[in-house]
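Q: Provided herewith is a single structure, encoded as structure tokens, for subsequent inquiry.
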Amino acid sequence: IDIDDTLTNTDLEFKKVMSKYINSDKGYKDKLTTLEYKIFLDNIEEIMSKANLKEDAKDVLYELKNLGHKLYIITARSNKFSKNIEDITMNFIKKNNLKFDKIIFNQQKKSDIAKKLELDLMIDDNIAVYNNMKEENINCILFGDKIRTWKEVLDYIKRM
């Protein structure tokens, strides 16, 4: 499971922070200008720490754990751009009392670790990740496309 805009509302927090500095409708996954990217990096800790859990995510994760599923966070987040991102992420998980079997940071090509872990399913909002998973024959939910809520994720998994 990816974090940003899959488990959390990162893009909403990105837009709130950016609006303090510039007038822009861009999201954090859009192509940013040099200035926008600098503002993002200067405020990345605030953005990541203020992003909230998406509706029903916690309940669905608990149900999946109760059904016997192993849950992994696989994220591109890393301390590469800010020394506290991994701590912020771990604090978020603890604060929300989320239970995961493993949390894997700094994953730019998530299909590599997905293959290593022999995952049955990846949940991510990034079309590039989705396409890469499909190329590697790994089942993937493109969160925010046809499946837009965590309840829909649960329904999909139960149907699998």
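In the structure tokens, chains take letters A, B, ... by order of appearance, with residues numbered from 1 within each chain and ligands from 1 in the order shown.
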Quick one: residues within 12 Å of Leu119 in chain A, only C-alpha atoms counted, chain neighbours fewer than 6 positions away excluded, as a VMD selection string?

A: chain A and resid 1 69 to 74 110 to 113 133 136 to 140

Q: Could the residues in this selection be written to a file with N, CA and C atoms, as a JSON list (two decimals), in the first residue's frame?

A:
```json
[["chain", "number", "residue", "atom", "x", "y", "z"],
["A", 1, "ILE", "N", 0.85, -1.18, 0.00],
["A", 1, "ILE", "CA", 0.00, 0.00, 0.00],
["A", 1, "ILE", "C", 0.89, 1.24, 0.00],
["A", 69, "HIS", "N", -4.69, -11.01, 6.10],
["A", 69, "HIS", "CA", -3.81, -10.45, 5.08],
["A", 69, "HIS", "C", -2.56, -9.84, 5.72],
["A", 70, "LYS", "N", -1.43, -9.97, 5.04],
["A", 70, "LYS", "CA", -0.23, -9.25, 5.42],
["A", 70, "LYS", "C", -0.29, -7.88, 4.73],
["A", 71, "LEU", "N", 0.07, -6.86, 5.46],
["A", 71, "LEU", "CA", 0.01, -5.50, 4.92],
["A", 71, "LEU", "C", 1.39, -4.87, 4.97],
["A", 72, "TYR", "N", 1.77, -4.29, 3.83],
["A", 72, "TYR", "CA", 3.05, -3.62, 3.71],
["A", 72, "TYR", "C", 2.82, -2.20, 3.19],
["A", 73, "ILE", "N", 3.56, -1.26, 3.75],
["A", 73, "ILE", "CA", 3.63, 0.07, 3.16],
["A", 73, "ILE", "C", 4.87, 0.06, 2.28],
["A", 74, "ILE", "N", 4.67, 0.45, 1.04],
["A", 74, "ILE", "CA", 5.79, 0.61, 0.11],
["A", 74, "ILE", "C", 5.69, 2.04, -0.42],
["A", 110, "LYS", "N", 8.61, 0.34, -7.36],
["A", 110, "LYS", "CA", 7.94, -0.49, -6.35],
["A", 110, "LYS", "C", 7.73, -1.94, -6.78],
["A", 111, "SER", "N", 7.76, -2.19, -8.08],
["A", 111, "SER", "CA", 7.55, -3.57, -8.54],
["A", 111, "SER", "C", 8.69, -4.48, -8.10],
["A", 112, "ASP", "N", 9.89, -3.94, -7.93],
["A", 112, "ASP", "CA", 11.02, -4.78, -7.49],
["A", 112, "ASP", "C", 10.75, -5.37, -6.11],
["A", 113, "ILE", "N", 10.35, -4.52, -5.18],
["A", 113, "ILE", "CA", 10.08, -5.01, -3.83],
["A", 113, "ILE", "C", 8.79, -5.83, -3.81],
["A", 133, "MET", "N", 3.50, -2.21, -12.41],
["A", 133, "MET", "CA", 3.02, -3.44, -11.76],
["A", 133, "MET", "C", 2.38, -4.36, -12.80],
["A", 136, "GLU", "N", 4.80, -6.20, -14.84],
["A", 136, "GLU", "CA", 5.44, -7.27, -14.06],
["A", 136, "GLU", "C", 4.43, -8.33, -13.62],
["A", 137, "ASN", "N", 3.21, -8.25, -14.14],
["A", 137, "ASN", "CA", 2.14, -9.20, -13.79],
["A", 137, "ASN", "C", 1.81, -9.23, -12.31],
["A", 138, "ILE", "N", 1.81, -8.05, -11.71],
["A", 138, "ILE", "CA", 1.42, -7.90, -10.31],
["A", 138, "ILE", "C", 0.10, -7.16, -10.29],
["A", 139, "ASN", "N", -0.90, -7.74, -9.66],
["A", 139, "ASN", "CA", -2.22, -7.13, -9.58],
["A", 139, "ASN", "C", -2.10, -5.79, -8.83],
["A", 140, "CYS", "N", -2.75, -4.76, -9.35],
["A", 140, "CYS", "CA", -2.62, -3.43, -8.75],
["A", 140, "CYS", "C", -3.95, -2.69, -8.86]]
```

Q: Could you tell me which of A:Lys146, A:Lys16, A:Lys29, A:Arg77 comes closest to Lys50 in chain A if we count only C-alpha atoms?

A: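 Of A:Lys146, A:Lys16, A:Lys29, A:Arg77, the one nearest Lys50 in chain A, counting only C-alpha atoms, is A:Lys16.
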
Q: Do you know which residues are at most 12 Å from Leu64 in chain A counting only C-alpha atoms, after dropping those on the same chain fewer than 2 positions away, and could you put them as an mmCIF file with C-alpha atoms, in the first residue's frame?

A:
```cif
data_model
loop_
_atom_site.group_PDB
_atom_site.id
_atom_site.type_symbol
_atom_site.label_atom_id
_atom_site.label_comp_id
_atom_site.auth_asym_id
_atom_site.auth_seq_id
_atom_site.Cartn_x
_atom_site.Cartn_y
_atom_site.Cartn_z
ATOM 1 C CA ALA A 57 -8.781 3.554 5.512
ATOM 2 C CA LYS A 58 -8.164 2.584 9.131
ATOM 3 C CA ASP A 59 -11.298 0.427 9.381
ATOM 4 C CA VAL A 60 -10.519 -1.339 6.113
ATOM 5 C CA LEU A 61 -6.912 -1.990 7.146
ATOM 6 C CA TYR A 62 -8.102 -3.488 10.442
ATOM 7 C CA ASN A 66 -8.408 -9.589 10.784
ATOM 8 C CA LEU A 67 -9.002 -11.551 7.577
ATOM 9 C CA GLY A 68 -5.359 -12.680 7.727
ATOM 10 C CA HIS A 69 -3.806 -10.447 5.078
ATOM 11 C CA LYS A 70 -0.229 -9.245 5.424
ATOM 12 C CA LEU A 71 0.006 -5.500 4.922
ATOM 13 C CA TYR A 72 3.054 -3.617 3.715
ATOM 14 C CA LEU A 98 -2.092 1.359 12.048
ATOM 15 C CA LYS A 99 -0.790 -2.203 11.906
ATOM 16 C CA PHE A 100 1.578 -3.158 9.103
ATOM 17 C CA TRP A 150 -11.297 2.401 0.947
ATOM 18 C CA LYS A 151 -14.652 0.651 1.165
ATOM 19 C CA VAL A 153 -10.864 -1.393 -1.967
ATOM 20 C CA LEU A 154 -12.283 -3.807 0.605
ATOM 21 C CA ASP A 155 -15.075 -4.899 -1.739
ATOM 22 C CA TYR A 156 -12.549 -5.486 -4.525
ATOM 23 C CA ILE A 157 -10.294 -7.578 -2.288
ATOM 24 C CA LYS A 158 -13.206 -9.642 -1.000
#
```

Q: Looking at A:Asp2, A:Glu45, A:Ile123, A:Phe81, which one is nearest to Ile103 in chain A, with distances taken over only C-alpha atoms?

A: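 For Ile103 in chain A, the nearest of the given residues is A:Asp2.
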
Q: Which value, in Å to one decimal, gives the distance between CA of Ile104 in chain A and CA of Val17 in chain A?

A: 26.5 Å

Q: For Leu142 in chain A, please output as an mmCIF file with C-alpha atoms, in the first residue's frame all residues within 8 Å (counting only C-alpha atoms; exclusion window: fewer than 3 positions along the same chain).

A:
```
data_model
loop_
_atom_site.group_PDB
_atom_site.id
_atom_site.type_symbol
_atom_site.label_atom_id
_atom_site.label_comp_id
_atom_site.auth_asym_id
_atom_site.auth_seq_id
_atom_site.Cartn_x
_atom_site.Cartn_y
_atom_site.Cartn_z
ATOM 1 C CA ILE A 123 -2.626 -0.302 -4.002
ATOM 2 C CA ASP A 124 -1.218 2.959 -5.372
ATOM 3 C CA ASP A 125 -2.532 6.199 -6.862
ATOM 4 C CA ASN A 126 0.333 6.677 -9.308
ATOM 5 C CA ILE A 127 -0.375 5.621 -12.900
ATOM 6 C CA TYR A 130 0.194 0.911 -11.771
ATOM 7 C CA ASP A 145 -9.470 5.829 -10.736
ATOM 8 C CA LYS A 146 -12.261 3.245 -10.793
ATOM 9 C CA ILE A 147 -11.722 2.525 -7.104
#
```

Q: So, counting only C-alpha atoms, which residue among A:Leu32, A:Asn52, A:Ile141, A:Lys15 is closest to Asn96 in chain A?

A: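 Closest candidate: A:Asn52.
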
Q: To test your reading of the structure, identify every residue in chain A that backbone DSSP assigns to strand (DSSP E), and report it as a ChimeraX atom specification.

A: /A:72-74,102-104,122-124,140-142

Q: With all heavy atoms retained, could you export that selection as a CSV table (one decimal), in the first residue's frame?

A:
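Listing of part.csv after writing:
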```csv
chain,number,residue,atom,x,y,z
A,72,TYR,N,1.8,-4.3,3.8
A,72,TYR,CA,3.1,-3.6,3.7
A,72,TYR,C,2.8,-2.2,3.2
A,72,TYR,O,2.0,-2.0,2.3
A,72,TYR,CB,4.0,-4.3,2.7
A,72,TYR,CG,4.2,-5.8,3.0
A,72,TYR,CD1,3.5,-6.8,2.4
A,72,TYR,CD2,5.3,-6.1,3.9
A,72,TYR,CE1,3.7,-8.1,2.7
A,72,TYR,CE2,5.5,-7.5,4.2
A,72,TYR,CZ,4.7,-8.5,3.6
A,72,TYR,OH,5.0,-9.8,3.8
A,73,ILE,N,3.6,-1.3,3.8
A,73,ILE,CA,3.6,0.1,3.2
A,73,ILE,C,4.9,0.1,2.3
A,73,ILE,O,6.0,-0.3,2.7
A,73,ILE,CB,3.7,1.2,4.2
A,73,ILE,CG1,2.4,1.4,4.9
A,73,ILE,CG2,4.2,2.5,3.6
A,73,ILE,CD1,2.4,2.5,5.9
A,74,ILE,N,4.7,0.5,1.0
A,74,ILE,CA,5.8,0.6,0.1
A,74,ILE,C,5.7,2.0,-0.4
A,74,ILE,O,4.7,2.4,-1.1
A,74,ILE,CB,5.7,-0.4,-1.0
A,74,ILE,CG1,5.7,-1.8,-0.5
A,74,ILE,CG2,6.9,-0.2,-2.0
A,74,ILE,CD1,5.5,-2.9,-1.5
A,102,LYS,N,5.3,-4.6,7.5
A,102,LYS,CA,6.6,-4.0,7.2
A,102,LYS,C,6.4,-2.7,6.5
A,102,LYS,O,5.4,-2.5,5.8
A,102,LYS,CB,7.4,-5.0,6.3
A,102,LYS,CG,8.8,-4.6,6.1
A,102,LYS,CD,9.6,-5.7,5.4
A,102,LYS,CE,11.1,-5.3,5.4
A,102,LYS,NZ,11.9,-6.4,4.9
A,103,ILE,N,7.3,-1.8,6.7
A,103,ILE,CA,7.2,-0.5,6.0
A,103,ILE,C,8.6,-0.3,5.3
A,103,ILE,O,9.6,-0.4,5.9
A,103,ILE,CB,7.0,0.7,7.1
A,103,ILE,CG1,5.7,0.4,7.8
A,103,ILE,CG2,7.1,2.0,6.4
A,103,ILE,CD1,5.6,1.2,9.1
A,104,ILE,N,8.4,-0.1,4.0
A,104,ILE,CA,9.6,0.0,3.1
A,104,ILE,C,9.7,1.4,2.5
A,104,ILE,O,8.8,1.8,1.8
A,104,ILE,CB,9.6,-1.1,2.1
A,104,ILE,CG1,9.4,-2.5,2.8
A,104,ILE,CG2,10.8,-1.1,1.2
A,104,ILE,CD1,8.5,-3.4,2.1
A,122,MET,N,-1.0,-4.6,-5.1
A,122,MET,CA,-0.5,-3.4,-4.7
A,122,MET,C,-1.6,-2.3,-4.9
A,122,MET,O,-2.4,-2.4,-5.8
A,122,MET,CB,0.7,-3.0,-5.7
A,122,MET,CG,1.3,-1.7,-5.4
A,122,MET,SD,2.2,-1.7,-3.8
A,122,MET,CE,2.6,0.1,-3.7
A,123,ILE,N,-1.6,-1.4,-4.0
A,123,ILE,CA,-2.6,-0.3,-4.0
A,123,ILE,C,-1.8,1.0,-4.1
A,123,ILE,O,-1.1,1.3,-3.1
A,123,ILE,CB,-3.6,-0.3,-2.8
A,123,ILE,CG1,-4.2,-1.7,-2.6
A,123,ILE,CG2,-4.6,0.8,-2.9
A,123,ILE,CD1,-4.9,-1.9,-1.3
A,124,ASP,N,-2.0,1.7,-5.2
A,124,ASP,CA,-1.2,3.0,-5.4
A,124,ASP,C,-2.0,3.9,-6.2
A,124,ASP,O,-2.8,3.5,-7.1
A,124,ASP,CB,0.1,2.6,-6.1
A,124,ASP,CG,1.2,3.6,-5.8
A,124,ASP,OD1,1.0,4.8,-6.3
A,124,ASP,OD2,2.2,3.3,-5.3
A,140,CYS,N,-2.7,-4.8,-9.4
A,140,CYS,CA,-2.6,-3.4,-8.8
A,140,CYS,C,-3.9,-2.7,-8.9
A,140,CYS,O,-4.6,-2.7,-9.9
A,140,CYS,CB,-1.5,-2.6,-9.5
A,140,CYS,SG,-1.1,-1.0,-8.7
A,141,ILE,N,-4.3,-2.0,-7.8
A,141,ILE,CA,-5.4,-1.1,-7.8
A,141,ILE,C,-4.9,0.3,-8.0
A,141,ILE,O,-4.0,0.7,-7.3
A,141,ILE,CB,-6.2,-1.2,-6.4
A,141,ILE,CG1,-6.9,-2.5,-6.3
A,141,ILE,CG2,-7.2,0.0,-6.3
A,141,ILE,CD1,-7.6,-2.6,-4.9
A,142,LEU,N,-5.4,1.0,-9.0
A,142,LEU,CA,-5.1,2.4,-9.2
A,142,LEU,C,-6.1,3.2,-8.4
A,142,LEU,O,-7.2,3.5,-8.8
A,142,LEU,CB,-5.1,2.7,-10.7
A,142,LEU,CG,-4.8,4.2,-11.1
A,142,LEU,CD1,-3.4,4.5,-10.6
A,142,LEU,CD2,-4.9,4.4,-12.5
```

Q: What is the distance between CA of Phe92 in chain A and CA of Ser49 in chain A, in Å to one decimal?

A: 7.3 Å

Q: Name the closest residue to Ser19 in chain A among the candidates A:Asp56, A:Glu36, A:Asp5, A:Glu152; distances are taken between atoms, counting only C-alpha atoms.

A: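 Using only C-alpha atoms, Ser19 in chain A sits closest to A:Glu36.
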
Q: Calculate how many Å separate CA of Thr34 in chain A from CA of Lys83 in chain A, rounding to one decimal.

A: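 Those two atoms sit 21.1 Å apart.
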
Q: Taking the DSSP secondary structure from the backbone, can you list the residues of chain A that are alpha helix (DSSP H), as a compact mmCIF listing (two decimals) with N, CA, C and O atoms, in the first residue's frame?

A:
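The resulting file, result.txt, is shown below:
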```
# COMPACT_ATOMS: atom_id res chain seq x y z
N THR A 10 -2.43 13.73 1.01
CA THR A 10 -1.22 14.54 0.86
C THR A 10 -1.41 15.71 -0.10
O THR A 10 -0.95 16.82 0.16
N ASP A 11 -2.09 15.46 -1.21
CA ASP A 11 -2.25 16.52 -2.21
C ASP A 11 -3.03 17.71 -1.65
O ASP A 11 -2.71 18.85 -1.94
N LEU A 12 -4.01 17.44 -0.82
CA LEU A 12 -4.78 18.52 -0.18
C LEU A 12 -3.87 19.38 0.68
O LEU A 12 -3.92 20.62 0.61
N GLU A 13 -3.01 18.76 1.46
CA GLU A 13 -2.09 19.52 2.31
C GLU A 13 -1.05 20.26 1.47
O GLU A 13 -0.68 21.38 1.80
N PHE A 14 -0.61 19.64 0.39
CA PHE A 14 0.33 20.29 -0.52
C PHE A 14 -0.27 21.60 -1.04
O PHE A 14 0.36 22.66 -1.01
N LYS A 15 -1.52 21.53 -1.49
CA LYS A 15 -2.18 22.72 -2.05
C LYS A 15 -2.38 23.80 -0.99
O LYS A 15 -2.23 24.99 -1.28
N LYS A 16 -2.70 23.41 0.25
CA LYS A 16 -2.85 24.39 1.34
C LYS A 16 -1.53 25.13 1.60
O LYS A 16 -1.51 26.36 1.72
N VAL A 17 -0.46 24.37 1.67
CA VAL A 17 0.85 24.98 1.94
C VAL A 17 1.27 25.86 0.77
O VAL A 17 1.72 26.99 0.95
N MET A 18 1.13 25.35 -0.45
CA MET A 18 1.56 26.12 -1.61
C MET A 18 0.79 27.42 -1.74
O MET A 18 1.35 28.44 -2.17
N SER A 19 -0.50 27.40 -1.36
CA SER A 19 -1.32 28.61 -1.49
C SER A 19 -0.83 29.74 -0.58
O SER A 19 -1.15 30.90 -0.80
N THR A 34 10.67 25.28 -11.00
CA THR A 34 11.78 25.27 -10.05
C THR A 34 11.35 25.92 -8.74
O THR A 34 11.65 25.41 -7.65
N LEU A 35 10.65 27.04 -8.82
CA LEU A 35 10.17 27.74 -7.62
C LEU A 35 9.18 26.86 -6.85
O LEU A 35 9.29 26.73 -5.62
N GLU A 36 8.22 26.28 -7.54
CA GLU A 36 7.23 25.42 -6.88
C GLU A 36 7.91 24.23 -6.20
O GLU A 36 7.56 23.87 -5.07
N TYR A 37 8.87 23.65 -6.87
CA TYR A 37 9.58 22.50 -6.30
C TYR A 37 10.38 22.91 -5.06
O TYR A 37 10.40 22.19 -4.06
N LYS A 38 11.00 24.09 -5.10
CA LYS A 38 11.74 24.58 -3.94
C LYS A 38 10.79 24.80 -2.76
O LYS A 38 11.10 24.41 -1.63
N ILE A 39 9.65 25.40 -3.01
CA ILE A 39 8.65 25.62 -1.94
C ILE A 39 8.20 24.27 -1.37
O ILE A 39 8.10 24.10 -0.16
N PHE A 40 7.95 23.31 -2.25
CA PHE A 40 7.56 21.97 -1.82
C PHE A 40 8.62 21.37 -0.89
O PHE A 40 8.32 20.91 0.21
N LEU A 41 9.88 21.39 -1.32
CA LEU A 41 10.95 20.81 -0.51
C LEU A 41 11.14 21.55 0.81
O LEU A 41 11.39 20.93 1.85
N ASP A 42 11.00 22.87 0.76
CA ASP A 42 11.15 23.66 1.99
C ASP A 42 10.03 23.36 2.99
O ASP A 42 10.20 23.61 4.19
N ILE A 44 8.17 20.26 2.94
CA ILE A 44 7.78 18.86 2.82
C ILE A 44 7.40 18.23 4.17
O ILE A 44 6.45 17.46 4.26
N GLU A 45 8.12 18.60 5.23
CA GLU A 45 7.81 18.02 6.53
C GLU A 45 6.42 18.47 7.01
O GLU A 45 5.66 17.67 7.55
N GLU A 46 6.10 19.73 6.81
CA GLU A 46 4.78 20.22 7.19
C GLU A 46 3.69 19.50 6.38
O GLU A 46 2.68 19.07 6.93
N ILE A 47 3.90 19.37 5.10
CA ILE A 47 2.92 18.71 4.24
C ILE A 47 2.70 17.27 4.68
O ILE A 47 1.57 16.83 4.87
N MET A 48 3.78 16.54 4.84
CA MET A 48 3.68 15.11 5.21
C MET A 48 3.10 14.92 6.60
O MET A 48 2.37 13.97 6.85
N SER A 49 3.44 15.81 7.53
CA SER A 49 2.96 15.64 8.90
C SER A 49 1.50 16.05 9.08
O SER A 49 0.82 15.57 9.98
N LYS A 50 1.00 16.91 8.20
CA LYS A 50 -0.40 17.36 8.33
C LYS A 50 -1.37 16.53 7.50
O LYS A 50 -2.58 16.64 7.69
N ALA A 57 -10.03 4.30 5.70
CA ALA A 57 -8.78 3.55 5.51
C ALA A 57 -8.45 2.71 6.74
O ALA A 57 -8.13 1.52 6.62
N LYS A 58 -8.52 3.31 7.91
CA LYS A 58 -8.16 2.58 9.13
C LYS A 58 -9.06 1.38 9.35
O LYS A 58 -8.57 0.27 9.63
N ASP A 59 -10.37 1.54 9.19
CA ASP A 59 -11.30 0.43 9.38
C ASP A 59 -11.04 -0.69 8.38
O ASP A 59 -11.08 -1.87 8.73
N VAL A 60 -10.78 -0.33 7.14
CA VAL A 60 -10.52 -1.34 6.11
C VAL A 60 -9.21 -2.07 6.41
O VAL A 60 -9.13 -3.30 6.30
N LEU A 61 -8.19 -1.34 6.82
CA LEU A 61 -6.91 -1.99 7.15
C LEU A 61 -7.08 -2.97 8.30
O LEU A 61 -6.53 -4.08 8.27
N TYR A 62 -7.83 -2.57 9.32
CA TYR A 62 -8.10 -3.49 10.44
C TYR A 62 -8.83 -4.74 9.95
O TYR A 62 -8.50 -5.85 10.35
N GLU A 63 -9.81 -4.55 9.12
CA GLU A 63 -10.55 -5.70 8.61
C GLU A 63 -9.66 -6.62 7.79
O GLU A 63 -9.72 -7.84 7.92
N LEU A 64 -8.82 -6.04 6.95
CA LEU A 64 -7.90 -6.85 6.15
C LEU A 64 -6.95 -7.65 7.05
O LEU A 64 -6.69 -8.83 6.79
N LYS A 65 -6.44 -7.01 8.10
CA LYS A 65 -5.57 -7.72 9.05
C LYS A 65 -6.35 -8.86 9.72
O LYS A 65 -5.84 -9.97 9.87
N ASN A 66 -7.58 -8.56 10.13
CA ASN A 66 -8.41 -9.59 10.78
C ASN A 66 -8.73 -10.75 9.85
O ASN A 66 -8.96 -11.87 10.32
N ILE A 85 11.56 12.72 7.30
CA ILE A 85 10.38 12.15 6.63
C ILE A 85 10.06 10.75 7.15
O ILE A 85 8.89 10.43 7.39
N GLU A 86 11.05 9.92 7.32
CA GLU A 86 10.78 8.57 7.81
C GLU A 86 10.24 8.59 9.23
O GLU A 86 9.30 7.85 9.56
N ASP A 87 10.77 9.47 10.08
CA ASP A 87 10.24 9.61 11.45
C ASP A 87 8.81 10.14 11.43
O ASP A 87 7.96 9.68 12.19
N ILE A 88 8.56 11.12 10.58
CA ILE A 88 7.20 11.67 10.45
C ILE A 88 6.24 10.57 10.04
O ILE A 88 5.13 10.45 10.57
N THR A 89 6.67 9.75 9.11
CA THR A 89 5.83 8.64 8.64
C THR A 89 5.57 7.63 9.75
O THR A 89 4.43 7.20 9.96
N MET A 90 6.61 7.26 10.47
CA MET A 90 6.45 6.29 11.57
C MET A 90 5.56 6.87 12.67
O MET A 90 4.72 6.15 13.23
N ASN A 91 5.70 8.15 12.97
CA ASN A 91 4.84 8.79 13.97
C ASN A 91 3.39 8.81 13.51
O ASN A 91 2.47 8.61 14.32
N PHE A 92 3.16 9.05 12.23
CA PHE A 92 1.82 9.03 11.67
C PHE A 92 1.19 7.64 11.85
O PHE A 92 0.03 7.51 12.25
N ILE A 93 1.96 6.61 11.56
CA ILE A 93 1.46 5.24 11.69
C ILE A 93 1.14 4.93 13.14
O ILE A 93 0.08 4.35 13.44
N LYS A 94 2.02 5.32 14.05
CA LYS A 94 1.77 5.09 15.49
C LYS A 94 0.58 5.90 15.98
O LYS A 94 -0.27 5.38 16.71
N LYS A 95 0.52 7.17 15.60
CA LYS A 95 -0.57 8.05 16.04
C LYS A 95 -1.93 7.50 15.62
O LYS A 95 -2.91 7.58 16.35
N LYS A 110 8.61 0.34 -7.36
CA LYS A 110 7.94 -0.49 -6.35
C LYS A 110 7.73 -1.94 -6.78
O LYS A 110 7.58 -2.81 -5.95
N SER A 111 7.76 -2.19 -8.08
CA SER A 111 7.55 -3.57 -8.54
C SER A 111 8.69 -4.48 -8.10
O SER A 111 8.47 -5.68 -7.89
N ASP A 112 9.89 -3.94 -7.93
CA ASP A 112 11.02 -4.78 -7.49
C ASP A 112 10.75 -5.37 -6.11
O ASP A 112 10.91 -6.57 -5.90
N ILE A 113 10.35 -4.52 -5.18
CA ILE A 113 10.08 -5.01 -3.83
C ILE A 113 8.79 -5.83 -3.81
O ILE A 113 8.67 -6.79 -3.05
N ALA A 114 7.84 -5.49 -4.64
CA ALA A 114 6.59 -6.26 -4.72
C ALA A 114 6.87 -7.69 -5.15
O ALA A 114 6.30 -8.64 -4.60
N LYS A 115 7.77 -7.86 -6.12
CA LYS A 115 8.15 -9.21 -6.56
C LYS A 115 8.89 -9.94 -5.45
O LYS A 115 8.63 -11.12 -5.19
N LYS A 116 9.79 -9.24 -4.79
CA LYS A 116 10.57 -9.86 -3.72
C LYS A 116 9.66 -10.34 -2.58
O LYS A 116 9.87 -11.42 -2.02
N LEU A 117 8.65 -9.54 -2.25
CA LEU A 117 7.71 -9.90 -1.18
C LEU A 117 6.61 -10.85 -1.66
O LEU A 117 5.80 -11.31 -0.86
N ILE A 127 -0.17 6.38 -11.66
CA ILE A 127 -0.38 5.62 -12.90
C ILE A 127 0.91 4.93 -13.36
O ILE A 127 0.86 3.82 -13.90
N ALA A 128 2.06 5.54 -13.13
CA ALA A 128 3.33 4.91 -13.53
C ALA A 128 3.58 3.65 -12.71
O ALA A 128 4.03 2.63 -13.25
N VAL A 129 3.28 3.70 -11.42
CA VAL A 129 3.42 2.51 -10.57
C VAL A 129 2.45 1.44 -11.04
O VAL A 129 2.81 0.27 -11.19
N TYR A 130 1.21 1.85 -11.30
CA TYR A 130 0.19 0.91 -11.77
C TYR A 130 0.66 0.22 -13.06
O TYR A 130 0.61 -1.01 -13.17
N ASN A 131 1.11 1.00 -14.01
CA ASN A 131 1.56 0.43 -15.29
C ASN A 131 2.75 -0.50 -15.11
O ASN A 131 2.82 -1.57 -15.73
N ASN A 132 3.68 -0.11 -14.25
CA ASN A 132 4.85 -0.94 -13.99
C ASN A 132 4.45 -2.26 -13.33
O ASN A 132 4.98 -3.32 -13.67
N MET A 133 3.50 -2.21 -12.41
CA MET A 133 3.02 -3.44 -11.76
C MET A 133 2.38 -4.36 -12.80
O MET A 133 2.62 -5.57 -12.79
N LYS A 134 1.57 -3.79 -13.66
CA LYS A 134 0.92 -4.58 -14.70
C LYS A 134 1.95 -5.23 -15.63
O LYS A 134 1.81 -6.39 -16.00
N GLU A 135 3.00 -4.47 -15.98
CA GLU A 135 4.08 -5.02 -16.82
C GLU A 135 4.75 -6.21 -16.15
O GLU A 135 5.21 -7.14 -16.81
N TRP A 150 -11.83 3.59 0.29
CA TRP A 150 -11.30 2.40 0.95
C TRP A 150 -12.35 1.31 1.08
O TRP A 150 -12.02 0.13 1.08
N LYS A 151 -13.60 1.68 1.15
CA LYS A 151 -14.65 0.65 1.17
C LYS A 151 -14.69 -0.09 -0.17
O LYS A 151 -14.90 -1.30 -0.21
N GLU A 152 -14.46 0.63 -1.26
CA GLU A 152 -14.38 -0.01 -2.57
C GLU A 152 -13.15 -0.93 -2.66
O GLU A 152 -13.20 -1.98 -3.30
N VAL A 153 -12.06 -0.53 -2.02
CA VAL A 153 -10.86 -1.39 -1.97
C VAL A 153 -11.23 -2.71 -1.28
O VAL A 153 -10.91 -3.79 -1.78
N LEU A 154 -11.90 -2.61 -0.14
CA LEU A 154 -12.28 -3.81 0.61
C LEU A 154 -13.20 -4.70 -0.23
O LEU A 154 -12.98 -5.92 -0.28
N ASP A 155 -14.18 -4.12 -0.88
CA ASP A 155 -15.07 -4.90 -1.74
C ASP A 155 -14.30 -5.62 -2.84
O ASP A 155 -14.54 -6.79 -3.13
N TYR A 156 -13.37 -4.91 -3.45
CA TYR A 156 -12.55 -5.49 -4.52
C TYR A 156 -11.75 -6.69 -4.00
O TYR A 156 -11.71 -7.75 -4.63
N ILE A 157 -11.11 -6.51 -2.85
CA ILE A 157 -10.29 -7.58 -2.29
C ILE A 157 -11.16 -8.78 -1.90
O ILE A 157 -10.78 -9.93 -2.15
N LYS A 158 -12.31 -8.53 -1.36
CA LYS A 158 -13.21 -9.64 -1.00
C LYS A 158 -13.65 -10.42 -2.24
O LYS A 158 -13.79 -11.62 -2.20
N ARG A 159 -13.85 -9.71 -3.35
CA ARG A 159 -14.23 -10.37 -4.60
C ARG A 159 -13.08 -11.19 -5.18
O ARG A 159 -13.30 -12.17 -5.88
```

Q: Can you pull out every residue within 6 Å of Ala76 in chain A, counting only C-alpha atoms, but drop anything in the same chain fewer than 2 positions away, and send it as a short mmCIF file (atom, residue, chain, number, x, y, z; two decimals) with N, CA and C atoms, in the first residue's frame?

A:
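Once everything was written out, this is selection.cif:
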```cif
data_model
loop_
_atom_site.label_atom_id
_atom_site.label_comp_id
_atom_site.auth_asym_id
_atom_site.auth_seq_id
_atom_site.Cartn_x
_atom_site.Cartn_y
_atom_site.Cartn_z
N PHE A 105 10.74 2.10 2.84
CA PHE A 105 10.93 3.46 2.35
C PHE A 105 11.81 3.47 1.10
N ASN A 106 11.82 4.64 0.44
CA ASN A 106 12.74 4.93 -0.66
C ASN A 106 12.60 3.95 -1.82
N GLN A 107 11.37 3.67 -2.19
CA GLN A 107 11.12 2.73 -3.29
C GLN A 107 10.63 3.49 -4.52
N GLN A 108 11.54 3.72 -5.43
CA GLN A 108 11.19 4.42 -6.66
C GLN A 108 10.56 3.47 -7.68
#
```
